[in-house]
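K.L.:
My structure is stored as model_24.csv, with CSV, C-alpha atoms and all ligand atoms.
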```csv
chain,number,residue,atom,x,y,z
A,1,MET,CA,125.4,157.5,109.5
A,2,GLY,CA,124.7,159.6,112.5
A,3,SER,CA,128.0,158.9,114.3
A,4,GLN,CA,131.4,157.2,113.9
A,5,SER,CA,130.0,154.7,116.4
A,6,ASP,CA,127.5,153.6,113.7
A,7,TRP,CA,130.3,152.4,111.4
A,8,ASP,CA,130.5,148.9,112.9
A,9,THR,CA,126.9,148.4,111.7
A,10,MET,CA,126.9,150.5,108.6
A,11,ARG,CA,130.1,148.9,107.2
A,12,HIS,CA,127.9,145.9,106.3
A,13,ALA,CA,126.0,148.1,103.9
A,14,VAL,CA,129.2,149.4,102.4
A,15,ALA,CA,130.5,145.8,102.0
A,16,VAL,CA,127.5,144.9,99.9
A,17,LEU,CA,127.7,148.1,97.8
A,18,ASP,CA,131.4,147.3,97.2
A,19,ALA,CA,130.6,143.7,96.3
A,20,LEU,CA,128.0,144.8,93.8
A,21,ALA,CA,130.2,147.6,92.4
A,22,ILE,CA,127.7,150.3,93.2
A,23,ALA,CA,129.2,153.8,93.4
A,24,HIS,CA,128.6,155.3,96.8
A,25,GLU,CA,129.8,157.8,99.3
A,26,VAL,CA,130.0,157.4,103.1
A,27,ARG,CA,129.4,160.3,105.4
A,28,ILE,CA,128.8,161.1,109.1
A,29,VAL,CA,125.8,163.4,109.3
A,30,SER,CA,124.1,163.9,112.6
A,31,ALA,CA,120.5,165.2,112.8
A,32,HIS,CA,121.3,166.6,116.3
A,33,ARG,CA,125.0,167.5,116.3
A,34,THR,CA,125.3,168.7,112.7
A,35,PRO,CA,121.9,169.8,111.7
A,36,ASP,CA,123.1,172.2,109.0
A,37,ARG,CA,125.3,169.5,107.5
A,38,LEU,CA,122.2,167.3,107.4
A,39,ALA,CA,120.1,169.9,105.6
A,40,ASP,CA,122.9,170.7,103.1
A,41,TYR,CA,123.5,167.0,102.5
A,42,ALA,CA,119.9,166.0,101.9
A,43,ARG,CA,118.8,169.1,100.0
A,44,THR,CA,121.7,168.7,97.5
A,45,ALA,CA,121.7,164.9,97.2
A,46,ALA,CA,119.6,164.6,94.1
A,47,GLY,CA,121.4,167.5,92.4
A,48,ARG,CA,124.7,165.8,93.1
A,49,GLY,CA,123.5,162.7,91.3
A,50,LEU,CA,122.7,160.5,94.3
A,51,SER,CA,119.8,158.1,93.7
A,52,VAL,CA,119.2,156.4,97.0
A,53,ILE,CA,120.1,157.4,100.6
A,54,ILE,CA,120.8,154.8,103.3
A,55,ALA,CA,120.7,156.5,106.6
A,56,GLY,CA,121.7,154.6,109.7
A,57,ALA,CA,121.3,155.9,113.2
A,58,GLY,CA,120.7,154.8,116.8
A,59,GLY,CA,118.8,156.0,119.8
A,60,ALA,CA,116.7,159.0,119.1
A,61,ALA,CA,117.4,158.2,115.4
A,62,HIS,CA,116.0,161.2,113.6
A,63,LEU,CA,118.6,161.1,110.7
A,64,PRO,CA,116.6,159.0,108.2
A,65,GLY,CA,113.3,161.0,108.8
A,66,MET,CA,115.0,164.3,108.6
A,67,CYS,CA,116.8,163.2,105.4
A,68,ALA,CA,113.4,162.2,104.0
A,69,ALA,CA,112.0,165.6,104.9
A,70,TRP,CA,114.6,167.4,102.8
A,71,THR,CA,114.6,165.1,99.7
A,72,ILE,CA,112.3,163.1,97.5
A,73,LEU,CA,115.0,160.5,96.9
A,74,PRO,CA,114.2,157.1,98.4
A,75,VAL,CA,115.5,157.0,102.0
A,76,LEU,CA,116.3,153.6,103.6
A,77,GLY,CA,116.6,153.8,107.4
A,78,VAL,CA,118.8,151.4,109.4
A,79,PRO,CA,118.1,151.3,113.1
A,80,VAL,CA,121.5,150.9,114.8
A,81,GLU,CA,121.4,148.7,117.9
A,82,SER,CA,121.7,151.0,121.0
A,83,HIS,CA,123.2,150.0,124.3
A,84,ALA,CA,120.3,151.1,126.5
A,85,LEU,CA,117.4,149.7,124.6
A,86,LYS,CA,118.9,147.2,122.1
A,87,GLY,CA,117.8,149.3,119.1
A,88,MET,CA,114.1,149.3,119.8
A,89,ASP,CA,114.4,153.1,120.4
A,90,SER,CA,116.2,153.4,117.0
A,91,LEU,CA,113.6,151.2,115.2
A,92,LEU,CA,110.6,153.1,116.6
A,93,SER,CA,112.2,156.5,115.9
A,94,ILE,CA,112.8,155.5,112.3
A,95,VAL,CA,109.7,153.5,111.4
A,96,GLN,CA,106.9,155.6,112.7
A,97,MET,CA,107.0,158.4,110.2
A,98,PRO,CA,104.0,160.6,109.6
A,99,GLY,CA,102.0,159.9,106.4
A,100,GLY,CA,103.5,161.8,103.5
A,101,VAL,CA,107.2,161.5,104.3
A,102,PRO,CA,108.3,157.9,103.8
A,103,VAL,CA,111.3,156.1,105.2
A,104,GLY,CA,111.8,152.5,104.2
A,105,THR,CA,112.8,151.0,107.5
A,106,LEU,CA,115.0,147.9,107.7
A,107,ALA,CA,115.8,145.5,110.6
A,108,ILE,CA,117.9,146.5,113.6
A,109,GLY,CA,121.6,146.2,113.2
A,110,ARG,CA,123.8,144.2,110.8
A,111,ALA,CA,120.9,142.5,108.9
A,112,GLY,CA,119.3,145.9,108.4
A,113,ALA,CA,122.4,147.4,107.0
A,114,THR,CA,123.0,144.5,104.7
A,115,ASN,CA,119.5,144.6,103.4
A,116,ALA,CA,119.4,148.3,103.0
A,117,ALA,CA,122.2,148.0,100.5
A,118,LEU,CA,120.5,145.1,98.8
A,119,LEU,CA,117.3,147.0,98.6
A,120,ALA,CA,119.1,150.1,97.2
A,121,ALA,CA,120.6,147.7,94.7
A,122,SER,CA,117.2,146.4,93.7
A,123,ILE,CA,115.9,150.0,93.3
A,124,LEU,CA,118.9,151.0,91.1
A,125,ALA,CA,118.7,147.7,89.1
A,126,LEU,CA,115.3,148.7,87.8
A,127,GLY,CA,117.2,151.0,85.4
A,128,ASP,CA,120.5,149.2,85.2
A,129,LEU,CA,120.6,145.8,83.5
A,130,ASP,CA,124.2,145.2,84.4
A,131,LEU,CA,123.5,145.8,88.0
A,132,SER,CA,120.5,143.6,87.8
A,133,ALA,CA,122.7,140.8,86.5
A,134,ARG,CA,125.2,141.3,89.3
A,135,LEU,CA,122.4,141.2,91.9
A,136,GLU,CA,121.1,137.9,90.4
A,137,THR,CA,124.6,136.5,90.7
A,138,TRP,CA,125.0,137.7,94.3
A,139,ARG,CA,121.8,136.0,95.2
A,140,ALA,CA,122.8,132.8,93.4
A,141,MET,CA,126.1,132.8,95.3
A,142,GLN,CA,124.4,133.2,98.5
A,143,THR,CA,122.1,130.3,97.8
A,144,ALA,CA,125.0,128.1,96.7
A,145,ALA,CA,126.8,129.0,100.0
A,146,VAL,CA,124.0,127.4,102.2
A,147,ALA,CA,125.0,123.9,103.2
A,148,ASP,CA,122.5,121.1,103.0
A,149,VAL,CA,123.4,119.8,106.5
A,150,PRO,CA,124.9,121.7,109.4
A,151,ALA,CA,128.6,121.3,110.4
A,152,ARG,CA,128.8,119.5,113.7
A,201,LIG,C1,123.0,158.8,117.1
A,201,LIG,O1,123.4,158.6,118.5
A,201,LIG,C2,124.0,158.0,116.3
A,201,LIG,O2,123.4,157.6,115.1
A,201,LIG,C3,124.5,156.9,117.2
A,201,LIG,O3,123.9,155.7,116.9
A,201,LIG,C4,124.0,157.4,118.6
A,201,LIG,C5,125.2,157.5,119.6
A,201,LIG,O4,126.1,158.3,119.1
A,201,LIG,P1,127.5,158.5,119.8
A,201,LIG,O5,127.2,159.1,121.1
A,201,LIG,O6,128.2,157.2,119.9
A,201,LIG,O7,128.3,159.4,118.9
A,201,LIG,O8,122.9,160.1,116.8
```
Show this structure as structure tokens.
P.N.:
Amino acid sequence: MGSQSDWDTMRHAVAVLDALAIAHEVRIVSAHRTPDRLADYARTAAGRGLSVIIAGAGGAAHLPGMCAAWTILPVLGVPVESHALKGMDSLLSIVQMPGGVPVGTLAIGRAGATNAALLAASILALGDLDLSARLETWRAMQTAAVADVPAR
């Protein structure tokens, strides 16, 4: 994530990764404030054994795009909701990548963070039958948790 202030959104991705027992690391890496950290992180990610990067940032959210510029790993971008523009700035900063350098862009905010983790799980599950089974179970539990009628 680009800042400590992104944690309240990105913790929802971490919660899903924890629930699915997916090994992960969590780092603050700012495209603007720590550009060298970003370059080091993204350039060494594949060599360190990472398979997917979830990058959440807000405002002028260049973190996911710059990550994708430095690595061929899949990069999933989460637009964090900004105060000034409600995350529309984040969304447009992340989604409108030039052809040739993809970022898979999720929804603004909590839903995007949750779905980034689930999408990462789907990618990883292609080569991991145990994870695939855990993901199927997670989905089934979600379905079972939806009531037929609303509480009133
Ligand atoms: C972005 O600027 C971060 O991803 C964060 O969403 C936003 C604001 O950062 P702070 O000023 O709260 O550290 O780089």
K.L.:
For a quick check of understanding, using all atoms listed in the file, which of A:Trp70, A:Trp138, A:Tyr41, A:Trp7 has the smallest distance to ligand LIG 201 (chain A)?
P.N.:
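That would be A:Trp7, the residue with the smallest distance to ligand LIG 201 (chain A).
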K.L.:
When you look at Arg43 of chain A with a cut-off of 9 Å (counting only C-alpha atoms), what residues show up, excluding the ones that are within fewer than 3 positions of it in the same chain? I need them as a ChimeraX atom specification.
P.N.:
/A:38-40,46-47,67,70-71
K.L.:
Can I get the residues close to ligand LIG 201 (chain A) as JSON, numbers by chain, where close means within 8 Å and we count all atoms listed in the file?
P.N.:
{"A": [1, 2, 3, 4, 5, 6, 30, 31, 32, 33, 56, 57, 58, 59, 60, 61, 62, 63, 80, 81, 82]}
K.L.:
Do a neighbour search on segment 108-119 of chain A at 8 Å with all atoms listed in the file, toss out local chain neighbours closer than 4 positions, and write the hits as a tab-separated table (two decimals) with C-alpha atoms, in the coordinates of the input.
P.N.:
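Result written to out.tsv:
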```tsv
chain	number	residue	atom	x	y	z
A	9	THR	CA	126.90	148.40	111.70
A	10	MET	CA	126.90	150.50	108.60
A	11	ARG	CA	130.10	148.90	107.20
A	12	HIS	CA	127.90	145.90	106.30
A	13	ALA	CA	126.00	148.10	103.90
A	14	VAL	CA	129.20	149.40	102.40
A	16	VAL	CA	127.50	144.90	99.90
A	17	LEU	CA	127.70	148.10	97.80
A	54	ILE	CA	120.80	154.80	103.30
A	56	GLY	CA	121.70	154.60	109.70
A	76	LEU	CA	116.30	153.60	103.60
A	77	GLY	CA	116.60	153.80	107.40
A	78	VAL	CA	118.80	151.40	109.40
A	79	PRO	CA	118.10	151.30	113.10
A	80	VAL	CA	121.50	150.90	114.80
A	81	GLU	CA	121.40	148.70	117.90
A	87	GLY	CA	117.80	149.30	119.10
A	88	MET	CA	114.10	149.30	119.80
A	90	SER	CA	116.20	153.40	117.00
A	91	LEU	CA	113.60	151.20	115.20
A	123	ILE	CA	115.90	150.00	93.30
```
K.L.:
Can you tell me, as a list of chain:residue names, what residues are no more than 9 Å from Val75 of chain A when counting all atoms listed in the file, ignoring any on the same chain fewer than 4 positions away?
P.N.:
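Answer for this query is A:Val52, A:Ile53, A:Ile54, A:Ala55, A:Pro64, A:Gly65, A:Cys67, A:Ala68, A:Thr71, A:Pro102, A:Val103, A:Gly104, A:Thr105.
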K.L.:
Can you measure atom CA of Arg27 of chain A to atom CA of Ala45 of chain A for me? One decimal in Å is fine.
P.N.:
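Atom CA of Ala45 of chain A lies 12.2 Å from atom CA of Arg27 of chain A.
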K.L.:
To one decimal place, how far is atom CA of Leu92 of chain A from atom CA of Ala15 of chain A in Å?
P.N.:
25.7 Å
K.L.:
Measuring between only C-alpha atoms, which one of A:Val26, A:Ala107, A:Leu131, A:Ala145 shows the shortest distance to Leu50 of chain A?
P.N.:
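Distance minimum relative to Leu50 of chain A lands on A:Val26.
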K.L.:
To one decimal place in Å, what is the distance between atom CA of Ser51 of chain A and atom CA of Leu135 of chain A?
P.N.:
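Atom CA of Leu135 of chain A lies 17.2 Å from atom CA of Ser51 of chain A.
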K.L.:
Given only C-alpha atoms as the basis, pick out the residue of A:Asp89, A:Leu73, A:Asp36, A:Ala151 nearest to Arg48 of chain A.
P.N.:
A:Leu73
K.L.:
Nearest residue to Ile72 of chain A out of A:Gly49, A:His24, A:Gly99, A:Ala42, using all atoms listed in the file?
P.N.:
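Nearest candidate to Ile72 of chain A out of A:Gly49, A:His24, A:Gly99, A:Ala42: A:Ala42.
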K.L.:
Grab segment 123-142 of chain A from that structure and dump N, CA and C atoms to a file, as a PDB file, in the first residue's frame.
P.N.:
```
ATOM      1  N   ILE A 123      -6.099 -16.780  -9.148  1.00  0.00           N
ATOM      2  CA  ILE A 123      -4.897 -16.933  -9.982  1.00  0.00           C
ATOM      3  C   ILE A 123      -4.002 -18.027  -9.399  1.00  0.00           C
ATOM      4  N   LEU A 124      -3.769 -17.952  -8.102  1.00  0.00           N
ATOM      5  CA  LEU A 124      -2.881 -18.922  -7.461  1.00  0.00           C
ATOM      6  C   LEU A 124      -3.488 -20.322  -7.472  1.00  0.00           C
ATOM      7  N   ALA A 125      -4.815 -20.382  -7.400  1.00  0.00           N
ATOM      8  CA  ALA A 125      -5.491 -21.681  -7.346  1.00  0.00           C
ATOM      9  C   ALA A 125      -5.368 -22.449  -8.658  1.00  0.00           C
ATOM     10  N   LEU A 126      -5.038 -21.782  -9.720  1.00  0.00           N
ATOM     11  CA  LEU A 126      -4.847 -22.476 -11.004  1.00  0.00           C
ATOM     12  C   LEU A 126      -3.753 -23.538 -10.893  1.00  0.00           C
ATOM     13  N   GLY A 127      -2.799 -23.295 -10.015  1.00  0.00           N
ATOM     14  CA  GLY A 127      -1.713 -24.253  -9.842  1.00  0.00           C
ATOM     15  C   GLY A 127      -1.650 -24.842  -8.449  1.00  0.00           C
ATOM     16  N   ASP A 128      -2.770 -24.806  -7.733  1.00  0.00           N
ATOM     17  CA  ASP A 128      -2.761 -25.249  -6.335  1.00  0.00           C
ATOM     18  C   ASP A 128      -4.136 -25.829  -6.002  1.00  0.00           C
ATOM     19  N   LEU A 129      -4.242 -27.156  -6.075  1.00  0.00           N
ATOM     20  CA  LEU A 129      -5.545 -27.804  -5.864  1.00  0.00           C
ATOM     21  C   LEU A 129      -6.078 -27.581  -4.456  1.00  0.00           C
ATOM     22  N   ASP A 130      -5.196 -27.563  -3.471  1.00  0.00           N
ATOM     23  CA  ASP A 130      -5.655 -27.348  -2.096  1.00  0.00           C
ATOM     24  C   ASP A 130      -6.260 -25.956  -1.939  1.00  0.00           C
ATOM     25  N   LEU A 131      -5.589 -24.972  -2.510  1.00  0.00           N
ATOM     26  CA  LEU A 131      -6.133 -23.616  -2.449  1.00  0.00           C
ATOM     27  C   LEU A 131      -7.447 -23.532  -3.213  1.00  0.00           C
ATOM     28  N   SER A 132      -7.511 -24.208  -4.343  1.00  0.00           N
ATOM     29  CA  SER A 132      -8.755 -24.221  -5.106  1.00  0.00           C
ATOM     30  C   SER A 132      -9.906 -24.741  -4.242  1.00  0.00           C
ATOM     31  N   ALA A 133      -9.654 -25.792  -3.475  1.00  0.00           N
ATOM     32  CA  ALA A 133     -10.687 -26.350  -2.597  1.00  0.00           C
ATOM     33  C   ALA A 133     -11.055 -25.353  -1.495  1.00  0.00           C
ATOM     34  N   ARG A 134     -10.050 -24.663  -0.955  1.00  0.00           N
ATOM     35  CA  ARG A 134     -10.352 -23.672   0.093  1.00  0.00           C
ATOM     36  C   ARG A 134     -11.179 -22.518  -0.470  1.00  0.00           C
ATOM     37  N   LEU A 135     -10.884 -22.148  -1.688  1.00  0.00           N
ATOM     38  CA  LEU A 135     -11.644 -21.064  -2.317  1.00  0.00           C
ATOM     39  C   LEU A 135     -13.083 -21.489  -2.582  1.00  0.00           C
ATOM     40  N   GLU A 136     -13.261 -22.723  -3.020  1.00  0.00           N
ATOM     41  CA  GLU A 136     -14.627 -23.242  -3.213  1.00  0.00           C
ATOM     42  C   GLU A 136     -15.390 -23.224  -1.883  1.00  0.00           C
ATOM     43  N   THR A 137     -14.720 -23.625  -0.820  1.00  0.00           N
ATOM     44  CA  THR A 137     -15.361 -23.631   0.500  1.00  0.00           C
ATOM     45  C   THR A 137     -15.721 -22.222   0.931  1.00  0.00           C
ATOM     46  N   TRP A 138     -14.807 -21.278   0.708  1.00  0.00           N
ATOM     47  CA  TRP A 138     -15.053 -19.870   1.067  1.00  0.00           C
ATOM     48  C   TRP A 138     -16.308 -19.360   0.355  1.00  0.00           C
ATOM     49  N   ARG A 139     -16.408 -19.671  -0.932  1.00  0.00           N
ATOM     50  CA  ARG A 139     -17.582 -19.237  -1.703  1.00  0.00           C
ATOM     51  C   ARG A 139     -18.867 -19.877  -1.172  1.00  0.00           C
ATOM     52  N   ALA A 140     -18.774 -21.156  -0.860  1.00  0.00           N
ATOM     53  CA  ALA A 140     -19.959 -21.863  -0.359  1.00  0.00           C
ATOM     54  C   ALA A 140     -20.408 -21.278   0.981  1.00  0.00           C
ATOM     55  N   MET A 141     -19.442 -20.937   1.826  1.00  0.00           N
ATOM     56  CA  MET A 141     -19.793 -20.333   3.116  1.00  0.00           C
ATOM     57  C   MET A 141     -20.434 -18.964   2.916  1.00  0.00           C
ATOM     58  N   GLN A 142     -19.917 -18.225   1.963  1.00  0.00           N
ATOM     59  CA  GLN A 142     -20.515 -16.915   1.672  1.00  0.00           C
ATOM     60  C   GLN A 142     -21.959 -17.082   1.222  1.00  0.00           C
TER      61      GLN A 142
END
```
